[in-house]
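Structure first, then comments.
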Amino acid sequence: MDQPLLAEVAVDRPGRDAYTYLVPDSLAGELGPGDCVEVDFAGRRERGFVLTVERRPPPEGVKLKEIQQRRAVRLPPHLMRLIAWGARYYRCSLGEFLAGAVPAPVRQGVRLDPAFAVVPVAGFAGRLTARQQAVLAALPAAGQPLAELLRSTGATRGVVDKLAAAGAVTIAAAGDIQEVRLEARHESHPLTDEQTVAVAAVGEALDAGRHQAFLLYGVTGSGKTLVYCELIERVLAAGRQTLLLLPEIGLTPQLAARLRSRFPRTAVWHSAFSDGERAELWRRCAAGAIDLVVGTRSALFAPLPAPGLVIVDEEHEQSFKQESVPRYHARDLAVVYAGQLGVPVVLGSATPSLESIHNGRQGRYRVLTLRKRPLGGSLPQPLLVDMREECRVQKRPVQVCSELIERLKGVRDHGEQAIVLLNRRGWSPVVSCSACGTGIGCNACDITLTYHKAGQVLKCHYCGHQRPLPRTCPACGAESLTTFGLGTEQLTHLIGEAVPGLRILRVDADTVGEKQGHAKLFKAFSEGAAQCLVGTQMVAKGLDFPRVTLVGIVAADRGLAVPDFRAAERTWQLVAQVAGRAGRGERPGTVVVQAWDVEALPIRAALDRTPKAFVDAELALRQEYGYPPHAGLVRWLWSGESAARVQLVAEEHGARLKACCQGEVLLGPNQAGLGFLKGLHRWHALLKAGSRGAAQQYLDRLAAAGGLPRANEVNVGVDVDPYVTV
Ligand code: ADP
Ligand code: ZN
């Protein structure tokens, strides 16, 4: 008797990687690994991905179901391999990882959205067929919605795709279209010596077709983007594609437009796209119609047929780590991917992560340094202001020092621009009663509510809960509620009062609103809509603004108080990144930094641009206390509505976790730093192993011992290489 044709299918459920299904005769010849299929799973229609198809004896005693349908989506084998690696490393099921990597509209088979637009590429001089030429001639210079073009010319979609393939037009998501129009200029500069060395080094690995990891360590304004462009050009010439990953905030329409003007077949990939746009992008990547994908974290999983280079810009950014399942780190996974593909990977930053610096020192990454700014722009002069001294001299509590105020006046009078950073939004982070001392907290979280003057509300920055500011103290009834501490809303007000006539634009989560909204504010600023940008860490990234001559950093040491082993590293990165925004044009820049602890090494290092002392000290501390890069961490988090249940399960699981330790250290389980969040009680535990490899071996032992049993009413999450540990 013939053996049945069976497929192993991964579905989006925790636990098992795959389930066995029968392949119906109708799909027999065509079904293969990577195919998206519809199956019946526990009584529901689910979409899953085929791992294997083979004839073999059916498993005994099970009644197998048939695959119901095949979707027109097939993941290339190199992507399946990456995802398999990721699922194993980050300890989720293959189906969960696949569901996180392949956008839902793609899995659901959403069809083309008419919101796509076609824009001619200025200066295109290639050869076209008569039909293609006619369609191109009918296309207005400003571009046109795809559906309209097809209607007005009677052309088929295929003709437009061919035009795009030839580089005569770009097909862009409607949301991007304005920027595409805006930017037709295509800058090309001769490379500086440092850029030449960097391009040659990576170019050599490209030519040799070998994997190698590079850390492009270049000060802000040193021209990293031009290095990327030269490399992308080479990859393109070899007929392969490039992936360029950026943090959400770094992916501005301006950058996308700049890349698109040089590489017309560029796809921008970010979280603000509609379902139809996403599905269409996927289709075009898979069809080989795209040479460059520039996008955030999840762009790593764009189904490019033959990626030849992976670039991660601003590699130190924490937003590369996904905080829900699958909890992958896109930079780390990018390095793995490049290794699997046998191609080079370039990690770029002005302030690399300590992990990457360490890898550079160990020789695992080749470090390429860009020290100079090609535009000459002198590096800014830092002024460090001791706020204890300032308060003593002025004999009152001071929020903004006189040095910064005076210089802001200068900016106003000379028609220049300034950026002021304060990494906390709202008016005041604390509201409490001066009669009884009670602070007002969130009902759903262990956190004080932040006062927002606009709207007179109290907001929880963790769960979003908000309520009106009460007139009297909820605890004692006295009319003596007072606010403490400074947020960007109040800072904007204070600067406005002290520097009349200065036009200020505030950039933080409250003013930015929708996704990619920061890009609009940055654009307004670069067009001169305001002279001073006041904001949270958002102002540390984004564009280069040539007219910015002054950068102010308020409470630069604030982040150092955060109970996190990366607090010092983040402070160094933030201060150095914002400081680097000054003096990018011809005019020299100044940086005024306010701190309570002016001796803090991370701040000194950022301002003196001598990170070595800081990095050495910090790496030594990490070694001493057993933190990355000198350790591998795993964190478990238990959460649930019943505090007693959470504690019970955490302690039971904790005993199992301890039993698997062979020299690793397990901290906890104990109540998490944020013991109550969004209405859930939380316990956690942290495993410290000697290395990432050792942490993986530990997790293998735990899995072999049966893992952690499911518990009612309590969620258990595991986070490998965690970034959030409170
Ligand atoms: P980074 O990303 O390293 O902060 P950018 O790539 O934004 O820096 O470059 C900073 C500025 O320097 C940009 O305006 C860019 O056009 C310019 N630039 C880069 N390389 C060169 C070069 N070789 N010659 C002239 N200008 C350059
Ligand atoms: Zn809350």
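Scheme for the structure tokens: letters A, B, ... for chains in order shown; per-chain residue numbers from 1; ligand numbers from 1 in order shown.
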Write out, as a tab-separated table, each residue of chain A that has an atom at most 7 Å from ligand 1, together with the closest pair of atoms and their distance in Å to one decimal, counting only C-alpha atoms and all ligand atoms, rows going by chain and rising number.
```
residue	atom	partner	partner_atom_place_in_ligand_line	distance
A:His189	CA	ligand 1	24 (N)	4.6
A:Pro190	CA	ligand 1	23 (N)	5.1
A:Leu191	CA	ligand 1	23 (N)	3.8
A:Thr192	CA	ligand 1	23 (N)	4.7
A:Gly218	CA	ligand 1	3 (O)	5.9
A:Val219	CA	ligand 1	3 (O)	6.1
A:Thr220	CA	ligand 1	4 (O)	3.7
A:Gly221	CA	ligand 1	4 (O)	3.4
A:Ser222	CA	ligand 1	3 (O)	4.0
A:Gly223	CA	ligand 1	6 (O)	3.3
A:Lys224	CA	ligand 1	3 (O)	3.8
A:Thr225	CA	ligand 1	6 (O)	3.7
A:Leu226	CA	ligand 1	20 (N)	5.4
A:Arg373	CA	ligand 1	12 (O)	6.6
A:Pro374	CA	ligand 1	27 (C)	5.0
A:Leu375	CA	ligand 1	26 (N)	5.3
A:Asp544	CA	ligand 1	7 (O)	6.4
```
Selection from above, C-alpha atoms, as a compact mmCIF listing (two decimals), in the first residue's frame, can you write it?
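Here's the written file again.txt:
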```
# COMPACT_ATOMS: atom_id res chain seq x y z
CA HIS A 189 30.55 62.91 -2.93
CA PRO A 190 34.04 61.59 -3.33
CA LEU A 191 34.70 59.38 -0.30
CA THR A 192 36.97 60.58 2.47
CA GLY A 218 31.75 56.62 13.30
CA VAL A 219 31.07 59.86 15.15
CA THR A 220 27.76 61.56 14.36
CA GLY A 221 28.05 63.32 11.03
CA SER A 222 30.97 61.20 9.86
CA GLY A 223 29.10 59.98 6.79
CA LYS A 224 28.13 56.43 7.65
CA THR A 225 25.21 56.64 5.25
CA LEU A 226 27.51 57.27 2.31
CA ARG A 373 33.20 64.89 9.78
CA PRO A 374 33.53 65.33 6.02
CA LEU A 375 31.70 68.63 6.09
CA ASP A 544 20.96 66.27 10.77
```
Per residue of chain A within 6 Å of ligand 2, which atom pair is closest and at what distance in Å (one decimal), using only C-alpha atoms and all ligand atoms, listed by chain and increasing number, as a tab-separated table?
```
residue	atom	partner	partner_atom_place_in_ligand_line	distance
A:Cys442	CA	ligand 2	1 (Zn)	4.8
A:Ala444	CA	ligand 2	1 (Zn)	4.7
A:Cys445	CA	ligand 2	1 (Zn)	4.2
A:Cys460	CA	ligand 2	1 (Zn)	4.6
A:Tyr462	CA	ligand 2	1 (Zn)	5.1
A:Cys463	CA	ligand 2	1 (Zn)	4.1
A:His465	CA	ligand 2	1 (Zn)	5.5
A:Lys678	CA	ligand 2	1 (Zn)	5.5
```
As a ChimeraX atom specification, which residues of region 310-500 of chain A does DSSP assign to strand (DSSP E)? /A:310-313,345-349,366-370,381-386,417-421,430-433,450-452,457-459,466-468,481-484
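Using only C-alpha atoms for every distance, the candidate list A:Gly528, A:Pro470, A:Gly640, A:Pro103 yields A:Pro103 as the residue closest to Glu277 (chain A).
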Give me the residues near region 504-509 of chain A as a short mmCIF file (atom, residue, chain, number, x, y, z; two decimals) with C-alpha atoms, in the first residue's frame, where near means some atom within 6 Å (using only C-alpha atoms) and where sequence neighbours in that chain fewer than 2 positions away do not count.
```cif
data_model
loop_
_atom_site.label_atom_id
_atom_site.label_comp_id
_atom_site.auth_asym_id
_atom_site.auth_seq_id
_atom_site.Cartn_x
_atom_site.Cartn_y
_atom_site.Cartn_z
CA THR A 511 3.08 65.76 20.81
CA VAL A 512 4.17 63.19 18.26
CA ALA A 530 10.77 76.74 15.14
CA CYS A 532 14.19 75.41 19.55
CA LEU A 533 13.27 71.75 19.79
CA VAL A 534 12.53 70.58 23.33
CA GLY A 535 12.00 66.88 23.79
CA THR A 536 12.73 63.43 25.15
#
```
His358 (chain A) surroundings by only C-alpha atoms, 10 Å radius, close-in-sequence under 3 positions cut, as a ChimeraX atom specification: /A:352-355,361-365,615-616,619,628-630
Restricted to N, CA and C atoms, what would the selected residues look like written as a compact mmCIF listing (two decimals), in the first residue's frame?
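Done, and the output landed in again_7.txt:
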```txt
# COMPACT_ATOMS: atom_id res chain seq x y z
N PRO A 352 28.49 52.64 19.99
CA PRO A 352 28.08 51.23 19.91
C PRO A 352 27.73 50.65 21.28
N SER A 353 26.94 49.59 21.24
CA SER A 353 26.63 48.85 22.45
C SER A 353 27.92 48.27 23.01
N LEU A 354 27.95 48.07 24.32
CA LEU A 354 29.15 47.47 24.91
C LEU A 354 29.36 46.06 24.39
N GLU A 355 28.27 45.38 24.05
CA GLU A 355 28.39 44.04 23.47
C GLU A 355 29.21 44.11 22.18
N ARG A 361 36.78 44.19 20.36
CA ARG A 361 38.04 43.99 21.07
C ARG A 361 38.48 42.53 21.03
N GLN A 362 37.51 41.64 21.02
CA GLN A 362 37.82 40.21 20.99
C GLN A 362 38.18 39.74 19.58
N GLY A 363 38.04 40.64 18.61
CA GLY A 363 38.38 40.26 17.24
C GLY A 363 37.25 39.55 16.51
N ARG A 364 36.09 39.44 17.15
CA ARG A 364 34.98 38.80 16.44
C ARG A 364 34.39 39.74 15.40
N TYR A 365 34.44 41.03 15.66
CA TYR A 365 34.03 42.02 14.67
C TYR A 365 35.26 42.81 14.27
N VAL A 615 34.30 52.90 28.79
CA VAL A 615 34.06 51.53 28.32
C VAL A 615 34.89 50.54 29.14
N ASP A 616 36.16 50.88 29.39
CA ASP A 616 37.02 49.99 30.18
C ASP A 616 36.42 49.76 31.57
N LEU A 619 33.07 47.78 31.34
CA LEU A 619 33.25 46.35 31.03
C LEU A 619 33.80 45.61 32.24
N PRO A 628 26.15 40.97 30.83
CA PRO A 628 26.63 41.00 29.45
C PRO A 628 27.55 42.19 29.21
N PRO A 629 28.54 42.10 28.36
CA PRO A 629 28.81 40.96 27.48
C PRO A 629 29.58 39.83 28.16
N HIS A 630 29.78 39.93 29.47
CA HIS A 630 30.54 38.89 30.16
C HIS A 630 29.63 37.81 30.74
```
